[in-house]
Number of protein chains: 2
Amino acid sequence: MNSVLNYLAAARRSEESELENLARTCDLVLAASELVHHLQQERGSSNLFLASDGRRFAELRAQRVAASDQAMLLLDAWLERRESQDGMSGGARFYTRVAIALQALAGLPEIRRGVAALTLTPAQASEQYSQLVAALLALVFEAADVAIDPAISRLLIALFHLMQGKESAGRERATGAAAFAAGRIGEAEVQAIEYLIEMQENSFRHFVAFCDELGAEWRALQSLLPLSSLERLRRKLLSGLGRPLDSALADEWYTCCSARMDELHRVENHLAGLLQGLCRQRIEQLQRDSADQQQRLSELRGSLPLPPQAAFAAGIGGPVAAAGDGIGPHLTQAVVDMLQSQSQRLQTLTDELATVRANLEERKLIERAKGILMATQGLDEAAAYRLLRQNAMNQNRRLADVAEALLGVAGLLPGQAGLER
Amino acid sequence: MNSVLNYLAAARRSEESELENLARTCDLVLAASELVHHLQQERGSSNLFLASDGRRFAELRAQRVAASDQAMLLLDAWLERRESQDGMSGGARFYTRVAIALQALAGLPEIRRGVAALTLTPAQASEQYSQLVAALLALVFEAADVAIDPAISRLLIALFHLMQGKESAGRERATGAAAFAAGRIGEAEVQAIEYLIEMQENSFRHFVAFCDELGAEWRALQSLLPLSSLERLRRKLLSGLGRPLDSALADEWYTCCSARMDELHRVENHLAGLLQGLCRQRIEQLQRDSADQQQRLSELRGSLPLPPQAAFAAGIGGPVAAAGDGIGPHLTQAVVDMLQSQSQRLQTLTDELATVRANLEERKLIERAKGILMATQGLDEAAAYRLLRQNAMNQNRRLADVAEALLGVAGLLPGQAGLER
C-alpha cells in the first residue's frame, strides 16, 4: 500500500514538474515573440534606410536597433539562468532548437554592419532578417509541439499562427514598399504578395480556430484596422503589372502596414497574458488537487487500518476496472478511486493532445513538401505552395494529403538523393 | 556563442538523462515480466490444487507461491529506491500505471487465501490471477508507449506482444485443463480457446515483426516446441462438443502447454538481455558522441578566436539551412555542423518513433472497441473480438479502422452514457 501511495505521489510530482518546465518554456517563447516584433521593426527601418541610400531614417533605425538590443538582453539574461538550461519541457529537441535560434541571432551584428555600410540591398537585408525571424518562429512551433498540456499547447499553436501571420504581413510590407518606392512591380513580386496575403489568411484562420477566447477581440480588431486602406493599396500593387506605380503612395503603404502589425502585436501581448495565466492556473489547480488528495488520505489513515485488499486491474488504454466481489476498506476504495480518476484524466489529456497536435503535423507535412518542390524544381516558396495547392484542388484532396503523398515518393524524385525528407 | 554551446550541451544532457530514465523503466519492465511468469505458474498450480479439491498439488503450489514472493520482493526492493520514484521515463502516466499495478498486486494475499480455503472455483481463481497479469501487461504496454527511443520502444513492443501471447497461451492452458478434467467441453469454452489461439497467433506475429533480431531463434523454437502434440490435443478439445473428453489427457495437455510457456519464457529472457544491452549501448554511444563533440570544440577553441558570424536559420520540421554567403571561422562552422546533424538526428528519431508507436495506437483502438462491445452488448472478450473481426471482413476493412469507426460513434450507442471511450 505504501508503494501505491508513493507512486501516486510520484505521478503528481512528475506532473507538477512537467508543468513548471512548460511554464518556463512559455516564458522563453514570449521573450522570443517580443524579440521578433522588434526585429521586424528593425528590418522595416533598415529597409527604409537602405532604400534612401542612407540619407534618411538613420535615427529611426538607431532607435529600432536599440529596442532590439534591449529585447535581446532580456532574452539572453533569461537563457543564462541555470534552470533554463535544465528545466524546460521538450528535452533535447527543444534545447537544440534554442541553440539553433541563438546561432542564427549571432549573425545579427554582421547584418547590421552590412546595412550601416550600405553593402546590402533592401531585398538582401530583408531576407537575412527574415531568416532570424524564421529561426525564432521555429522555436515557437517546437514549443507548441513538445508541450504536454493540451490547453497550453493550443494557445502556443494559436500564438505560432498569429506570429506567422504577422511575419507574412511584415514580408508583404517590405515587398510592397520596395515596389512603390521603385515605381513599378514585376510578375514575381505580384505572386509573392498574393502568396503572402493567402498565408496571412491561413494563419489568422488557424489562430482564431485555436484561440476562441480572443475571437471576439479579433473580430473587433478587423473593423478597427485600416483594412480598407490596405485593400485599396494592395489592389493598386496587384493590378500594377506593366504600369507605373505612384511612388508617393510608398509612405501610406508603409504606415498602413505598420499600424496593422502594431495592432497584431497588441493581440500577441494579450495572448501572451492568457498563456501565462493558464500556466499559473494549471499549476495551482494541480497543487490544490494534490493537497486535497493528501488530506483525504491522512484522514482515512487516521481512522482506519490498512489491509491491502480489493484487487483490480486496468485494461490497456482503458479505465481502471474494479474487480473482486466485495467493497474493501474505505482507504483502499479511496485509493482505487484516486487511481481511476487520475488514469482517466491522464488518458483524456493524452487524447486531447493528439487532436491538438494533428494541426502541427499537417503543417510539418506541408512545409516539408514545399521544401522538396523548392529543391527538386528550383521553385521559390510561393510557386512551390501554388503548385501544391493547385494539385490538391485538381484532385479534390486536402493540401496536407497531397503533401503527404509527395513526401511518400520523395525518394523517387530527381535531385533528392542527399536531401532529408 | 557561449549560449549556443550551453544549449547544445543542455540538449545532450537532457538526452542522456532521458535514456537513463528509460533504462530504469526497462529494468522495471523486466522485473514485471519475471513476476508475470511466476504468477502464471502460481495460477496453474492453484488451478490444479483447486481442481483436485485440495487433495493434490499442495506442495507444487507452495513452491510456486514462494517463487512468486521472491519475484515480488525483488520488484518491491527496486520500486522502493529513491531514483525509481523520480527517474523513470513516461512521467505521470507511467507512474500512475505503476501505482495501479501495485494496487492490483496488493490483492494477491486475498486470492491466495481463497485458493487455500477452497472457496474459489478454478475459473474464479484463474480470472483473478489473470487480472493481476493484465495490470502488469498494461505496465509493459505503457512503457513501450512512453519510451522516447524508437529502437528501445520497438523491443518493448516486441516484449509486450511476446508476453501477451504467452498470457493467451496460459489462459488457453487453464481453459483446456478444466475441460479435460471435467471430461467435457461447452460451446463457450470452444469459442474461448479459438479466440485465445487466434490471439496467440496475432501476438507472436507482431512479436516477430518488431524483433527481427530474434526471428531465427523464434523459427528454431517452433520446431523445438511440442507443437504437434499441442495441435493434436487442441483438435480433440475443439471437436469435443457434445462428446466425452478423455480425462486421462489432462496431464498431457497441462505438461505440453507448460513446456511451451517455459520455452516462451526463455525467449522473453533472451529479449530482456537484448533490451538491457541496447539501453547500455545507446547511453554509451551518446556519451562517446558528447565527448567527441567536447574534444572537437576545445581543439577549435584553442586554435581560433570566436567571432559570431554566419547566420543560418532552420525551417520548421526541416533541416538547418545554411544562410549568409561566405564560410565563417572553423569554430562557427563546426557548431553549425553539430547543430545541423543533431537536429536531423532528433527529427529522424521522432519520425521513427511515430512509426513504431502506430502499432500501439492500433492496439489501443481495438482494445477500446472490444470494451465498448462488451459493455453495450454484454458480450465476453472472445465474442466482442469475433464481432469486430467479422465486421471488418464483411466490409473488407482493417480491424483497426472498424474499431476507430466504432469509437467515433460510441456516444450514440445504448448504455454508453457513463462510460469512458
# chains A, B, ... in the order shown; residues from 1 in each chain; ligands from 1
>>> residues_around(residues="A:Glu213", least_positions_apart="2", cutoff="12 Å", atoms="only C-alpha atoms", output="list in words")
Ala151, Arg154, Leu155, Ala158, Phe207, Val208, Ala209, Phe210, Cys211, Gly215, Ala216, Glu217, Trp218, Arg219, Val267, His270, Leu271, Gly273, Leu274, Leu275 and Leu278 of chain A
>>> closest_residue(among="A:Leu139, A:Ala181, A:Met72, A:Ala58", to="chain B", atoms="only C-alpha atoms")
A:Leu139
>>> residues_around(residues="B:Met88", least_positions_apart="6", cutoff="7 Å", atoms="only C-alpha atoms", output="list in words")
Asn21, Leu22, Arg24 and Thr25 of chain B
>>> write_last_selection(atoms="N, CA, C and O atoms", output="PDB file, in the first residue's frame")
ATOM      1  N   ASN B  21      16.700   7.379 -17.674  1.00  0.00           N
ATOM      2  CA  ASN B  21      15.356   7.127 -17.155  1.00  0.00           C
ATOM      3  C   ASN B  21      14.700   5.945 -17.870  1.00  0.00           C
ATOM      4  O   ASN B  21      14.067   5.101 -17.249  1.00  0.00           O
ATOM      5  N   LEU B  22      14.902   5.914 -19.182  1.00  0.00           N
ATOM      6  CA  LEU B  22      14.305   4.839 -19.965  1.00  0.00           C
ATOM      7  C   LEU B  22      14.921   3.488 -19.582  1.00  0.00           C
ATOM      8  O   LEU B  22      14.219   2.472 -19.514  1.00  0.00           O
ATOM      9  N   ARG B  24      15.989   2.690 -16.664  1.00  0.00           N
ATOM     10  CA  ARG B  24      15.344   2.293 -15.402  1.00  0.00           C
ATOM     11  C   ARG B  24      13.946   1.736 -15.664  1.00  0.00           C
ATOM     12  O   ARG B  24      13.542   0.738 -15.066  1.00  0.00           O
ATOM     13  N   THR B  25      13.206   2.395 -16.560  1.00  0.00           N
ATOM     14  CA  THR B  25      11.875   1.892 -16.906  1.00  0.00           C
ATOM     15  C   THR B  25      11.972   0.467 -17.446  1.00  0.00           C
ATOM     16  O   THR B  25      11.161  -0.397 -17.106  1.00  0.00           O
TER      17      THR B  25
END
>>> closest_residue(among="A:Gln395, A:Arg205, A:Arg235, A:Leu339", to="A:Ile193", atoms="only C-alpha atoms")
A:Arg235
>>> residues_around(residues="A:Ile111", least_positions_apart="2", cutoff="10 Å", atoms="only C-alpha atoms", output="PyMOL selection string")
(chain A and resi 106-109+113-117+119-120+124-126+128-129) or (chain B and resi 309-311+324)
>>> residues_around(residues="stretch 283-285 of chain A", least_positions_apart="5", cutoff="10 Å", atoms="only C-alpha atoms", output="number ranges by chain")
A: 15-20, 23, 278, 290-291
>>> select_by_dssp(residues="stretch 206-417 of chain A", states="alpha helix (DSSP H)", output="VMD selection string")
chain A and resid 206 to 210 215 to 224 227 to 238 250 to 303 330 to 377 381 to 395 399 to 408
>>> residues_around(residues="stretch 380-386 of chain B", least_positions_apart="6", cutoff="8 Å", atoms="only C-alpha atoms", output="PyMOL selection string")
chain B and resi 191-192+195-196+370-371+373-374
>>> residues_around(residues="A:Trp78", least_positions_apart="5", cutoff="9 Å", atoms="only C-alpha atoms", output="list of chain:residue names")
A:Asp27, A:Leu28, A:Ala31, A:Leu73, A:Ser84
>>> closest_residue(among="A:Asp351, A:Glu198, A:Glu263, A:Asp251", to="chain B", atoms="only C-alpha atoms")
A:Asp351
>>> closest_residue(among="A:Ser298, A:Gln103, A:Gln340, A:Gln281", to="A:Ile152", atoms="only C-alpha atoms")
A:Gln281
>>> closest_residue(among="B:Thr376, B:Thr121, B:Gln40, B:Ser14", to="B:Arg64", atoms="only C-alpha atoms")
B:Gln40
